[in-house]
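To start, the structure under review is shown below, and the notes come after it.
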Amino acid sequence: MTEPTHAPLHTVARGRARWHRVLVRPVLQRRARVAPAAQAIAFVIGIVLALIAGALLLWGSGNDPVTVYQRMAESSLGGFDALSRTLLRATPLAIAGLAVAVAGSMGLWNIGAEGQMMAGATAAAGFAMVAGDLPGPVLIVLMLVAGAVGGVVLVLGPALARAYLGVSEIITTLMLVEVAIRIVEWLKVGPWKDPESFGFAQISPLPDKASLPGLFGQVHIGVLFAVALLLAFWLAVSRTAWGYELRMAGSSPATARYAGISLQRKVLTALLLSGGLAGLAGAIELSGTATRLEPGLSSGYGFAGIIVAALALMRPSGVAVVAVVFGAVLRGGQSIQTLGVTSSIATILQAMILIGALVAAVLLNYRVRWVRPVGSGADGDAAENPASAGASGV
Amino acid sequence: MSEDAIIGLLVATVQFATLVYLAGLGELIAERAGVLNLGVEGMMAMGAVTGFMAAIATDRPWVGFAVAALVGMATAGVHALVSVIMGAGQVVSGLAITIGGLGFAAFIGQDAVRERADSVFTDLSIVGLADIPWVGPILFDQPPVVYLAVVLGVAAWFVLSRTRLGLALRAVGESASTTDSVGHSVILLRTSAVLVGGAFAGAAGSFLSLYMAAGWTEGLIAGRGWIAVALVIFGAWRPGRLAAGSLLFGFTLALQPRVQTFDLTILGLEVNTISPALLGILPFLLTVVVLIAISFRARHRPSPAPAALTLPYRREER
């Protein structure tokens, strides 16, 4: 692309924006092809930028960044126990991330994974209350099924509205997050209040046999579910006609319709599957780490799952990697509390990794070129003439 | 149920309405320009904590309010940079603003948590009007931010619907390429709208920390930013309807802490048995219902949603 072909037009069209003619300004040019590894590089750049920004923040607040980062690294990656604590947090992140990625691979945004996790945990806890007499393994399996059903129930309305009425799923799923959390709050002080809890209300604890069996260290068998689900989704998306159709429906709806694929059914399946997975993540989190249902159970895993899926470009392998990195950040953030540093640094790092990676990905896809002002007299005159001034109004 | 209790409920309704109206108005401006900003919750938290700290430091609530607006604007600037200038996805970028903003606010506000707010907004009685029974205390004996919100609402309506700038802003929300082709800078218009939206959200956050709660805690915003996002849809992207919606949502927010103290029976339902948590669901459920209703109506007339909402604009792909 040669410069003069559109630069003068640019200048004329913006007669009022005088700074365009004075400043050297950057112009982004999109590269013809994106390198396959670009997103991985962007992710690493995002991590580095986030760590730098986080270090400045720590330093500015009177902490020693080296000490803090050292503690974070040791407690999340240094040794068997540390790794198991990281994996413990990576498990719900991976399943929630996968949930978002299933919808995302056909261009849908399930922003409500957080709510569906709560719905799943609620359904699982409810099932454990009514069917507490079942033997442990049966109870756990049915709790997980109930969890998936709970997630599906919460996403059903938005999914139907999206598939048959074209209502954007972004806002509807988001709204139901607040609904789900408030329902748990209501259960806590109302129908499910533990009669033994005086002072402040709590939901009755789960029976011991409802806890997922441990695997190693801090890790429970939920991590196996995460790995199996990621593998299954990878196979489904890359090796089956169903997955191919799903991606085609997302990338080119017109082609998909022409090929005889029912878009409505694809939208419905993708969103229901997404909600079911998020619900399962909630049930696993409840049964694996919590002793009882509470409104803060999901503690942001669902929202973080959206970031995980976005960073992973909706690919299962990426979800696994990003979930482990974010799990380490969360574990590290928790560990520095003993140094007197708030764990909110973990949340800040997550957001900064995403922002850094988003910017880096754009920059890797684009070439920044600095355009000199087109300072010739002719252009300046053209911008002042009445015809072009008229063109700048709507 | 006493007269005082009813007046107290309505006074709080106006204040909660102001809170969500300010934040919602900012979101409305950004969305009319075609940019969905899901970072309201984070921008409010940033405004709340910095406004509170600035007010303590300077002993002037208005300084805190101004600082909060500027910080909200700066926070929104990140969203503008990533989603408008860089053209990355608005949904993810906005969520990052919420997550990062909440974390950042918690981080910088650690020491402010136990601070007492000596310098907060005080009620401003409007001479003459404040003495009217019922109406006076509810409408004319409120903190100055309430009156400011009314002025800002009228100003936003005027700019959006009666000026060339407003026309350009709405145009860029309907079709960025058309607006670009007539010579307006899409990036400049959208960035400005997002920045103004951030200023409104930051200011709204400080109304929470400098008046309503008169303090800062980590969970202060408590979903009110999401209510603002919902409100824009409920108000069909118009400042006037936004005001009506904010009164309704404000009423449910004001009712929540009070409902169980009301000794009242309506249609055989004892009001004090209503759960505050379930009451809190109402704004979100209503918004879902409104979205579905809009889509039904859209078969006969155009949807009120800006057509280019969430669509990034890259000139070379137009």
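Within each chain, counting starts at residue 1; across the structure tokens, chains are named A, B, ... in the order shown, with ligands numbered 1 upward in that order.
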
Once you count only C-alpha atoms, what closest atom pair and distance in Å to one decimal does each residue of chain B within 9 Å of chain A have, with rows by chain and rising residue number, as JSON lines?
```
{"residue": "B:Val78", "atom": "CA", "partner": "A:Ile355", "partner_atom": "CA", "distance": 8.4}
{"residue": "B:His79", "atom": "CA", "partner": "A:Ile355", "partner_atom": "CA", "distance": 8.9}
{"residue": "B:Leu81", "atom": "CA", "partner": "A:Val359", "partner_atom": "CA", "distance": 8.6}
{"residue": "B:Val82", "atom": "CA", "partner": "A:Val359", "partner_atom": "CA", "distance": 6.2}
{"residue": "B:Met86", "atom": "CA", "partner": "A:Val362", "partner_atom": "CA", "distance": 6.4}
{"residue": "B:Gly87", "atom": "CA", "partner": "A:Val362", "partner_atom": "CA", "distance": 7.8}
{"residue": "B:Ala88", "atom": "CA", "partner": "A:Leu358", "partner_atom": "CA", "distance": 6.5}
{"residue": "B:Gly89", "atom": "CA", "partner": "A:Leu358", "partner_atom": "CA", "distance": 8.5}
{"residue": "B:Val91", "atom": "CA", "partner": "A:Ile170", "partner_atom": "CA", "distance": 8.2}
{"residue": "B:Val92", "atom": "CA", "partner": "A:Ile307", "partner_atom": "CA", "distance": 6.7}
{"residue": "B:Ser93", "atom": "CA", "partner": "A:Ile355", "partner_atom": "CA", "distance": 6.9}
{"residue": "B:Leu95", "atom": "CA", "partner": "A:Phe303", "partner_atom": "CA", "distance": 7.8}
{"residue": "B:Ala96", "atom": "CA", "partner": "A:Ala351", "partner_atom": "CA", "distance": 4.9}
{"residue": "B:Ile97", "atom": "CA", "partner": "A:Ala351", "partner_atom": "CA", "distance": 7.2}
{"residue": "B:Thr98", "atom": "CA", "partner": "A:Ala351", "partner_atom": "CA", "distance": 8.6}
{"residue": "B:Ile99", "atom": "CA", "partner": "A:Ala351", "partner_atom": "CA", "distance": 6.2}
{"residue": "B:Gly100", "atom": "CA", "partner": "A:Ile348", "partner_atom": "CA", "distance": 4.8}
{"residue": "B:Gly101", "atom": "CA", "partner": "A:Ile348", "partner_atom": "CA", "distance": 7.6}
{"residue": "B:Leu102", "atom": "CA", "partner": "A:Thr347", "partner_atom": "CA", "distance": 8.1}
{"residue": "B:Gly103", "atom": "CA", "partner": "A:Ser344", "partner_atom": "CA", "distance": 4.9}
{"residue": "B:Phe104", "atom": "CA", "partner": "A:Ile348", "partner_atom": "CA", "distance": 6.0}
{"residue": "B:Ala105", "atom": "CA", "partner": "A:Ser344", "partner_atom": "CA", "distance": 8.8}
{"residue": "B:Ala106", "atom": "CA", "partner": "A:Ser344", "partner_atom": "CA", "distance": 6.4}
{"residue": "B:Phe107", "atom": "CA", "partner": "A:Ser344", "partner_atom": "CA", "distance": 6.0}
{"residue": "B:Ile108", "atom": "CA", "partner": "A:Ser61", "partner_atom": "CA", "distance": 8.1}
{"residue": "B:Gln110", "atom": "CA", "partner": "A:Thr342", "partner_atom": "CA", "distance": 7.9}
{"residue": "B:Arg164", "atom": "CA", "partner": "A:Val394", "partner_atom": "CA", "distance": 7.6}
{"residue": "B:Leu167", "atom": "CA", "partner": "A:Val394", "partner_atom": "CA", "distance": 7.6}
{"residue": "B:Ala168", "atom": "CA", "partner": "A:Val394", "partner_atom": "CA", "distance": 6.5}
{"residue": "B:Ala171", "atom": "CA", "partner": "A:Val394", "partner_atom": "CA", "distance": 8.5}
{"residue": "B:Thr179", "atom": "CA", "partner": "A:Val394", "partner_atom": "CA", "distance": 7.4}
{"residue": "B:Ser181", "atom": "CA", "partner": "A:Ala13", "partner_atom": "CA", "distance": 8.3}
{"residue": "B:Val182", "atom": "CA", "partner": "A:Ala391", "partner_atom": "CA", "distance": 5.9}
{"residue": "B:Gly183", "atom": "CA", "partner": "A:Ser392", "partner_atom": "CA", "distance": 4.7}
{"residue": "B:His184", "atom": "CA", "partner": "A:Ser392", "partner_atom": "CA", "distance": 6.2}
{"residue": "B:Ser185", "atom": "CA", "partner": "A:Arg14", "partner_atom": "CA", "distance": 7.7}
{"residue": "B:Gly223", "atom": "CA", "partner": "A:Glu178", "partner_atom": "CA", "distance": 7.5}
{"residue": "B:Trp226", "atom": "CA", "partner": "A:Met175", "partner_atom": "CA", "distance": 7.7}
{"residue": "B:Ile227", "atom": "CA", "partner": "A:Met175", "partner_atom": "CA", "distance": 8.6}
{"residue": "B:Val229", "atom": "CA", "partner": "A:Ile171", "partner_atom": "CA", "distance": 8.6}
{"residue": "B:Ala230", "atom": "CA", "partner": "A:Met175", "partner_atom": "CA", "distance": 7.4}
{"residue": "B:Ser275", "atom": "CA", "partner": "A:Trp186", "partner_atom": "CA", "distance": 6.8}
{"residue": "B:Pro276", "atom": "CA", "partner": "A:Trp186", "partner_atom": "CA", "distance": 7.9}
{"residue": "B:Ala277", "atom": "CA", "partner": "A:Arg182", "partner_atom": "CA", "distance": 5.3}
{"residue": "B:Leu278", "atom": "CA", "partner": "A:Arg182", "partner_atom": "CA", "distance": 6.5}
{"residue": "B:Leu279", "atom": "CA", "partner": "A:Arg182", "partner_atom": "CA", "distance": 9.0}
{"residue": "B:Gly280", "atom": "CA", "partner": "A:Arg182", "partner_atom": "CA", "distance": 7.0}
{"residue": "B:Ile281", "atom": "CA", "partner": "A:Val179", "partner_atom": "CA", "distance": 5.1}
{"residue": "B:Leu282", "atom": "CA", "partner": "A:Val179", "partner_atom": "CA", "distance": 8.4}
{"residue": "B:Pro283", "atom": "CA", "partner": "A:Met175", "partner_atom": "CA", "distance": 8.9}
{"residue": "B:Phe284", "atom": "CA", "partner": "A:Met175", "partner_atom": "CA", "distance": 5.2}
{"residue": "B:Leu285", "atom": "CA", "partner": "A:Met175", "partner_atom": "CA", "distance": 7.2}
{"residue": "B:Thr287", "atom": "CA", "partner": "A:Met175", "partner_atom": "CA", "distance": 7.7}
{"residue": "B:Val288", "atom": "CA", "partner": "A:Thr172", "partner_atom": "CA", "distance": 5.6}
{"residue": "B:Leu291", "atom": "CA", "partner": "A:Val167", "partner_atom": "CA", "distance": 6.8}
{"residue": "B:Ile292", "atom": "CA", "partner": "A:Val167", "partner_atom": "CA", "distance": 6.4}
{"residue": "B:Ile294", "atom": "CA", "partner": "A:Val167", "partner_atom": "CA", "distance": 8.6}
{"residue": "B:Ser295", "atom": "CA", "partner": "A:Val167", "partner_atom": "CA", "distance": 6.3}
{"residue": "B:Phe296", "atom": "CA", "partner": "A:Leu165", "partner_atom": "CA", "distance": 7.3}
{"residue": "B:Glu316", "atom": "CA", "partner": "A:Arg30", "partner_atom": "CA", "distance": 8.0}
```

Keeping C-alpha atoms for every residue in the selection just given, could you write it to a file as a PDB file, in the first residue's frame?
```pdb
ATOM      1  CA  VAL B  78      -7.958   1.585  28.858  1.00  0.00           C
ATOM      2  CA  HIS B  79     -11.174   0.210  27.362  1.00  0.00           C
ATOM      3  CA  LEU B  81      -7.455   2.052  23.859  1.00  0.00           C
ATOM      4  CA  VAL B  82      -8.017  -1.689  23.650  1.00  0.00           C
ATOM      5  CA  MET B  86      -6.874  -1.274  18.813  1.00  0.00           C
ATOM      6  CA  GLY B  87     -10.159  -2.772  17.674  1.00  0.00           C
ATOM      7  CA  ALA B  88     -10.054  -5.774  20.027  1.00  0.00           C
ATOM      8  CA  GLY B  89     -13.291  -7.294  21.346  1.00  0.00           C
ATOM      9  CA  VAL B  91     -16.883  -7.723  25.610  1.00  0.00           C
ATOM     10  CA  VAL B  92     -13.576  -9.123  26.852  1.00  0.00           C
ATOM     11  CA  SER B  93     -11.965  -5.719  27.202  1.00  0.00           C
ATOM     12  CA  LEU B  95     -14.803  -7.475  31.543  1.00  0.00           C
ATOM     13  CA  ALA B  96     -11.081  -6.919  32.060  1.00  0.00           C
ATOM     14  CA  ILE B  97     -11.907  -3.354  33.165  1.00  0.00           C
ATOM     15  CA  THR B  98     -14.399  -4.678  35.717  1.00  0.00           C
ATOM     16  CA  ILE B  99     -12.124  -7.409  37.045  1.00  0.00           C
ATOM     17  CA  GLY B 100      -9.008  -5.238  37.019  1.00  0.00           C
ATOM     18  CA  GLY B 101     -10.835  -2.167  38.333  1.00  0.00           C
ATOM     19  CA  LEU B 102     -12.295  -4.067  41.296  1.00  0.00           C
ATOM     20  CA  GLY B 103      -8.878  -5.556  42.074  1.00  0.00           C
ATOM     21  CA  PHE B 104      -7.081  -2.238  41.648  1.00  0.00           C
ATOM     22  CA  ALA B 105      -9.599  -0.413  43.834  1.00  0.00           C
ATOM     23  CA  ALA B 106      -9.225  -3.052  46.547  1.00  0.00           C
ATOM     24  CA  PHE B 107      -5.456  -2.717  46.323  1.00  0.00           C
ATOM     25  CA  ILE B 108      -5.193   1.060  46.592  1.00  0.00           C
ATOM     26  CA  GLN B 110      -6.512  -1.078  51.691  1.00  0.00           C
ATOM     27  CA  ARG B 164     -24.522  18.044  15.422  1.00  0.00           C
ATOM     28  CA  LEU B 167     -25.981  13.349  15.624  1.00  0.00           C
ATOM     29  CA  ALA B 168     -22.422  12.306  14.807  1.00  0.00           C
ATOM     30  CA  ALA B 171     -24.446   7.947  13.666  1.00  0.00           C
ATOM     31  CA  THR B 179     -19.865   8.161   9.617  1.00  0.00           C
ATOM     32  CA  SER B 181     -17.204   8.316   4.904  1.00  0.00           C
ATOM     33  CA  VAL B 182     -18.699  11.718   5.685  1.00  0.00           C
ATOM     34  CA  GLY B 183     -15.490  12.758   7.366  1.00  0.00           C
ATOM     35  CA  HIS B 184     -15.944  12.219  11.062  1.00  0.00           C
ATOM     36  CA  SER B 185     -13.242  10.402  12.978  1.00  0.00           C
ATOM     37  CA  GLY B 223     -23.483  -5.129  41.490  1.00  0.00           C
ATOM     38  CA  TRP B 226     -24.346  -4.249  36.412  1.00  0.00           C
ATOM     39  CA  ILE B 227     -27.645  -2.584  37.275  1.00  0.00           C
ATOM     40  CA  VAL B 229     -25.698  -1.791  32.312  1.00  0.00           C
ATOM     41  CA  ALA B 230     -29.165  -3.314  32.642  1.00  0.00           C
ATOM     42  CA  SER B 275     -37.009 -11.547  50.805  1.00  0.00           C
ATOM     43  CA  PRO B 276     -34.633  -8.616  50.151  1.00  0.00           C
ATOM     44  CA  ALA B 277     -32.419 -10.906  48.055  1.00  0.00           C
ATOM     45  CA  LEU B 278     -35.293 -11.904  45.784  1.00  0.00           C
ATOM     46  CA  LEU B 279     -36.300  -8.238  45.488  1.00  0.00           C
ATOM     47  CA  GLY B 280     -32.759  -7.595  44.245  1.00  0.00           C
ATOM     48  CA  ILE B 281     -33.360  -9.984  41.348  1.00  0.00           C
ATOM     49  CA  LEU B 282     -36.109  -7.792  39.923  1.00  0.00           C
ATOM     50  CA  PRO B 283     -34.031  -5.273  37.900  1.00  0.00           C
ATOM     51  CA  PHE B 284     -32.101  -8.071  36.205  1.00  0.00           C
ATOM     52  CA  LEU B 285     -35.148 -10.189  35.382  1.00  0.00           C
ATOM     53  CA  THR B 287     -34.129  -6.330  31.815  1.00  0.00           C
ATOM     54  CA  VAL B 288     -34.181  -9.828  30.331  1.00  0.00           C
ATOM     55  CA  LEU B 291     -34.798  -7.483  25.819  1.00  0.00           C
ATOM     56  CA  ILE B 292     -37.148 -10.249  24.737  1.00  0.00           C
ATOM     57  CA  ILE B 294     -37.819  -5.543  22.183  1.00  0.00           C
ATOM     58  CA  SER B 295     -37.034  -8.475  19.912  1.00  0.00           C
ATOM     59  CA  PHE B 296     -40.733  -9.259  19.488  1.00  0.00           C
ATOM     60  CA  GLU B 316      -9.344  -1.258   5.968  1.00  0.00           C
TER      61      GLU B 316
END
```

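You will find CA of Ala50 in chain A at 20.1 Å from CA of Gly109 in chain B.
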
Subject >> Exercise: Ala48 in chain B partners within 6 Å, only C-alpha atoms, chain neighbours under 4 positions left out, as a list in words >> reply: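 Skipping anything fewer than 4 positions along the chain leaves Met44, Gly205, Ser206 and Ser209 of chain B.
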
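Considering the residues B:Arg114, B:Arg238, B:Arg190, B:Arg170 and counting only C-alpha atoms, Ile85 in chain B has its shortest atom-to-atom contact with B:Arg190.
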
**OP:** Pick out the residues sitting within 9 Å of Phe140 in chain B, and hand them over as a list in words; count only C-alpha atoms, and ignore anything fewer than 6 positions along from it in its own chain.
**Re:** Leu124, Ser125, Ile126, Val127, Leu129, Ala130, Asp131, Ile132 and Tyr147 of chain B

What's around Leu215 in chain A at 10 Å? Count only C-alpha atoms, leave out sequence neighbours fewer than 6 positions away in its own chain, and write the answer as a short mmCIF file (atom, residue, chain, number, x, y, z; two decimals) with N, CA and C atoms, in the first residue's frame.
```cif
data_model
loop_
_atom_site.label_atom_id
_atom_site.label_comp_id
_atom_site.auth_asym_id
_atom_site.auth_seq_id
_atom_site.Cartn_x
_atom_site.Cartn_y
_atom_site.Cartn_z
N SER A 84 0.28 -28.66 43.26
CA SER A 84 -1.05 -29.22 43.46
C SER A 84 -2.04 -28.13 43.86
N ILE A 221 -10.24 -35.33 42.25
CA ILE A 221 -10.35 -35.95 40.93
C ILE A 221 -11.03 -35.03 39.91
N GLY A 222 -11.48 -33.88 40.35
CA GLY A 222 -12.05 -32.92 39.41
C GLY A 222 -11.10 -32.58 38.29
N VAL A 223 -9.80 -32.62 38.59
CA VAL A 223 -8.82 -32.26 37.57
C VAL A 223 -8.85 -33.27 36.41
N LEU A 224 -9.19 -34.55 36.74
CA LEU A 224 -9.31 -35.55 35.67
C LEU A 224 -10.49 -35.22 34.77
#
```

**OP:** List the neighbours of range 60-62 of chain B out to 12 Å using only C-alpha atoms; skip same-chain residues closer than 5 positions along the sequence, and give me the result as a ChimeraX atom specification.
**Re:** /B:48,50-55,67-69,117-122,143-145,148,203,206-211,214

Write out, as a PDB file, in the first residue's frame, the residues just selected, with C-alpha atoms.
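Contents of selection_21.pdb, as written:
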```
ATOM      1  CA  ALA B  48     -15.433   5.377  44.704  1.00  0.00           C
ATOM      2  CA  THR B  50     -10.062   7.476  44.710  1.00  0.00           C
ATOM      3  CA  GLY B  51     -12.840  10.004  45.269  1.00  0.00           C
ATOM      4  CA  PHE B  52     -13.049   8.985  48.901  1.00  0.00           C
ATOM      5  CA  MET B  53      -9.293   9.221  49.408  1.00  0.00           C
ATOM      6  CA  ALA B  54      -9.086  12.592  47.638  1.00  0.00           C
ATOM      7  CA  ALA B  55     -11.945  13.972  49.718  1.00  0.00           C
ATOM      8  CA  VAL B  67     -11.012  13.175  41.072  1.00  0.00           C
ATOM      9  CA  ALA B  68     -13.422  10.237  40.839  1.00  0.00           C
ATOM     10  CA  ALA B  69     -14.685  11.471  37.469  1.00  0.00           C
ATOM     11  CA  ALA B 117     -15.394  10.052  56.219  1.00  0.00           C
ATOM     12  CA  ASP B 118     -15.577  13.475  57.803  1.00  0.00           C
ATOM     13  CA  SER B 119     -15.799  15.266  54.533  1.00  0.00           C
ATOM     14  CA  VAL B 120     -18.843  14.010  52.682  1.00  0.00           C
ATOM     15  CA  PHE B 121     -21.660  15.656  50.779  1.00  0.00           C
ATOM     16  CA  THR B 122     -24.349  17.239  52.922  1.00  0.00           C
ATOM     17  CA  PRO B 143     -27.326  16.104  48.308  1.00  0.00           C
ATOM     18  CA  PRO B 144     -26.184  18.352  45.420  1.00  0.00           C
ATOM     19  CA  VAL B 145     -25.196  15.337  43.286  1.00  0.00           C
ATOM     20  CA  LEU B 148     -26.444  17.617  39.239  1.00  0.00           C
ATOM     21  CA  ALA B 203     -18.542  10.108  39.620  1.00  0.00           C
ATOM     22  CA  SER B 206     -17.912   8.498  44.453  1.00  0.00           C
ATOM     23  CA  PHE B 207     -21.552   9.362  45.210  1.00  0.00           C
ATOM     24  CA  LEU B 208     -21.630   5.959  46.883  1.00  0.00           C
ATOM     25  CA  SER B 209     -18.455   6.468  48.911  1.00  0.00           C
ATOM     26  CA  LEU B 210     -18.922  10.200  49.584  1.00  0.00           C
ATOM     27  CA  TYR B 211     -22.570  10.171  50.532  1.00  0.00           C
ATOM     28  CA  ALA B 214     -19.869   7.520  53.491  1.00  0.00           C
TER      29      ALA B 214
END
```

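Near range 307-315 of chain B, within 9 Å and counting only C-alpha atoms, sit Glu31, Arg32, Ala33, Gly34, Val35, Leu36, Asn37, Ser83, Val84, Ile85, Met86, Gly87, Ala88, Gly89, Gln90, Val91, Val172, Gly173, Glu174, Ser175, Ala176, Ser177, Asp180, Val186 and Ile187 of chain B, not including residues fewer than 5 positions from it in the same chain.
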
Export, as a PDB file, in the first residue's frame, the selected residues with N, CA and C atoms.
```
ATOM      1  N   GLU B  31     -22.695   3.516  24.626  1.00  0.00           N
ATOM      2  CA  GLU B  31     -23.393   2.548  23.782  1.00  0.00           C
ATOM      3  C   GLU B  31     -24.027   3.217  22.571  1.00  0.00           C
ATOM      4  N   ARG B  32     -24.497   4.457  22.738  1.00  0.00           N
ATOM      5  CA  ARG B  32     -25.061   5.152  21.572  1.00  0.00           C
ATOM      6  C   ARG B  32     -23.984   5.372  20.522  1.00  0.00           C
ATOM      7  N   ALA B  33     -22.726   5.466  20.964  1.00  0.00           N
ATOM      8  CA  ALA B  33     -21.625   5.603  20.008  1.00  0.00           C
ATOM      9  C   ALA B  33     -21.139   4.235  19.519  1.00  0.00           C
ATOM     10  N   GLY B  34     -21.799   3.166  19.950  1.00  0.00           N
ATOM     11  CA  GLY B  34     -21.475   1.837  19.445  1.00  0.00           C
ATOM     12  C   GLY B  34     -20.493   1.048  20.277  1.00  0.00           C
ATOM     13  N   VAL B  35     -20.203   1.521  21.492  1.00  0.00           N
ATOM     14  CA  VAL B  35     -19.229   0.806  22.319  1.00  0.00           C
ATOM     15  C   VAL B  35     -19.904   0.290  23.590  1.00  0.00           C
ATOM     16  N   LEU B  36     -19.981  -1.030  23.706  1.00  0.00           N
ATOM     17  CA  LEU B  36     -20.467  -1.640  24.936  1.00  0.00           C
ATOM     18  C   LEU B  36     -19.315  -1.648  25.928  1.00  0.00           C
ATOM     19  N   ASN B  37     -19.538  -1.084  27.110  1.00  0.00           N
ATOM     20  CA  ASN B  37     -18.482  -1.100  28.125  1.00  0.00           C
ATOM     21  C   ASN B  37     -18.985  -1.860  29.352  1.00  0.00           C
ATOM     22  N   SER B  83     -10.338  -1.467  22.891  1.00  0.00           N
ATOM     23  CA  SER B  83     -11.451  -1.877  22.043  1.00  0.00           C
ATOM     24  C   SER B  83     -11.726  -0.905  20.899  1.00  0.00           C
ATOM     25  N   VAL B  84     -11.509   0.395  21.117  1.00  0.00           N
ATOM     26  CA  VAL B  84     -11.797   1.349  20.038  1.00  0.00           C
ATOM     27  C   VAL B  84     -10.573   1.557  19.164  1.00  0.00           C
ATOM     28  N   ILE B  85      -9.455   1.916  19.790  1.00  0.00           N
ATOM     29  CA  ILE B  85      -8.279   2.261  18.995  1.00  0.00           C
ATOM     30  C   ILE B  85      -7.634   1.001  18.420  1.00  0.00           C
ATOM     31  N   MET B  86      -7.488  -0.040  19.284  1.00  0.00           N
ATOM     32  CA  MET B  86      -6.874  -1.274  18.813  1.00  0.00           C
ATOM     33  C   MET B  86      -7.875  -2.168  18.084  1.00  0.00           C
ATOM     34  N   GLY B  87      -9.146  -1.972  18.352  1.00  0.00           N
ATOM     35  CA  GLY B  87     -10.159  -2.772  17.674  1.00  0.00           C
ATOM     36  C   GLY B  87     -10.302  -4.186  18.198  1.00  0.00           C
ATOM     37  N   ALA B  88      -9.854  -4.444  19.435  1.00  0.00           N
ATOM     38  CA  ALA B  88     -10.054  -5.774  20.027  1.00  0.00           C
ATOM     39  C   ALA B  88     -11.496  -5.877  20.538  1.00  0.00           C
ATOM     40  N   GLY B  89     -11.902  -7.071  20.966  1.00  0.00           N
ATOM     41  CA  GLY B  89     -13.291  -7.294  21.346  1.00  0.00           C
ATOM     42  C   GLY B  89     -13.737  -6.453  22.536  1.00  0.00           C
ATOM     43  N   GLN B  90     -14.905  -5.826  22.393  1.00  0.00           N
ATOM     44  CA  GLN B  90     -15.420  -4.965  23.459  1.00  0.00           C
ATOM     45  C   GLN B  90     -15.825  -5.756  24.696  1.00  0.00           C
ATOM     46  N   VAL B  91     -16.372  -6.943  24.476  1.00  0.00           N
ATOM     47  CA  VAL B  91     -16.883  -7.723  25.610  1.00  0.00           C
ATOM     48  C   VAL B  91     -15.746  -8.097  26.561  1.00  0.00           C
ATOM     49  N   VAL B 172     -22.317   7.220  14.563  1.00  0.00           N
ATOM     50  CA  VAL B 172     -21.196   6.290  14.663  1.00  0.00           C
ATOM     51  C   VAL B 172     -21.621   5.015  15.391  1.00  0.00           C
ATOM     52  N   GLY B 173     -22.685   5.105  16.167  1.00  0.00           N
ATOM     53  CA  GLY B 173     -23.220   3.916  16.830  1.00  0.00           C
ATOM     54  C   GLY B 173     -24.104   3.091  15.913  1.00  0.00           C
ATOM     55  N   GLU B 174     -24.597   3.724  14.861  1.00  0.00           N
ATOM     56  CA  GLU B 174     -25.441   2.987  13.913  1.00  0.00           C
ATOM     57  C   GLU B 174     -24.605   2.383  12.789  1.00  0.00           C
ATOM     58  N   SER B 175     -23.715   3.181  12.242  1.00  0.00           N
ATOM     59  CA  SER B 175     -22.874   2.693  11.159  1.00  0.00           C
ATOM     60  C   SER B 175     -21.574   3.483  11.120  1.00  0.00           C
ATOM     61  N   ALA B 176     -20.518   2.832  11.591  1.00  0.00           N
ATOM     62  CA  ALA B 176     -19.232   3.527  11.682  1.00  0.00           C
ATOM     63  C   ALA B 176     -18.694   3.885  10.304  1.00  0.00           C
ATOM     64  N   SER B 177     -18.888   2.981   9.322  1.00  0.00           N
ATOM     65  CA  SER B 177     -18.294   3.239   8.010  1.00  0.00           C
ATOM     66  C   SER B 177     -18.968   4.441   7.342  1.00  0.00           C
ATOM     67  N   ASP B 180     -17.641   7.497   8.983  1.00  0.00           N
ATOM     68  CA  ASP B 180     -16.275   7.723   8.522  1.00  0.00           C
ATOM     69  C   ASP B 180     -16.289   8.350   7.124  1.00  0.00           C
ATOM     70  N   VAL B 186     -14.086   8.185  13.445  1.00  0.00           N
ATOM     71  CA  VAL B 186     -14.781   7.170  14.238  1.00  0.00           C
ATOM     72  C   VAL B 186     -14.078   6.990  15.577  1.00  0.00           C
ATOM     73  N   ILE B 187     -12.748   6.930  15.515  1.00  0.00           N
ATOM     74  CA  ILE B 187     -11.976   6.682  16.737  1.00  0.00           C
ATOM     75  C   ILE B 187     -12.149   7.833  17.724  1.00  0.00           C
TER      76      ILE B 187
END
```
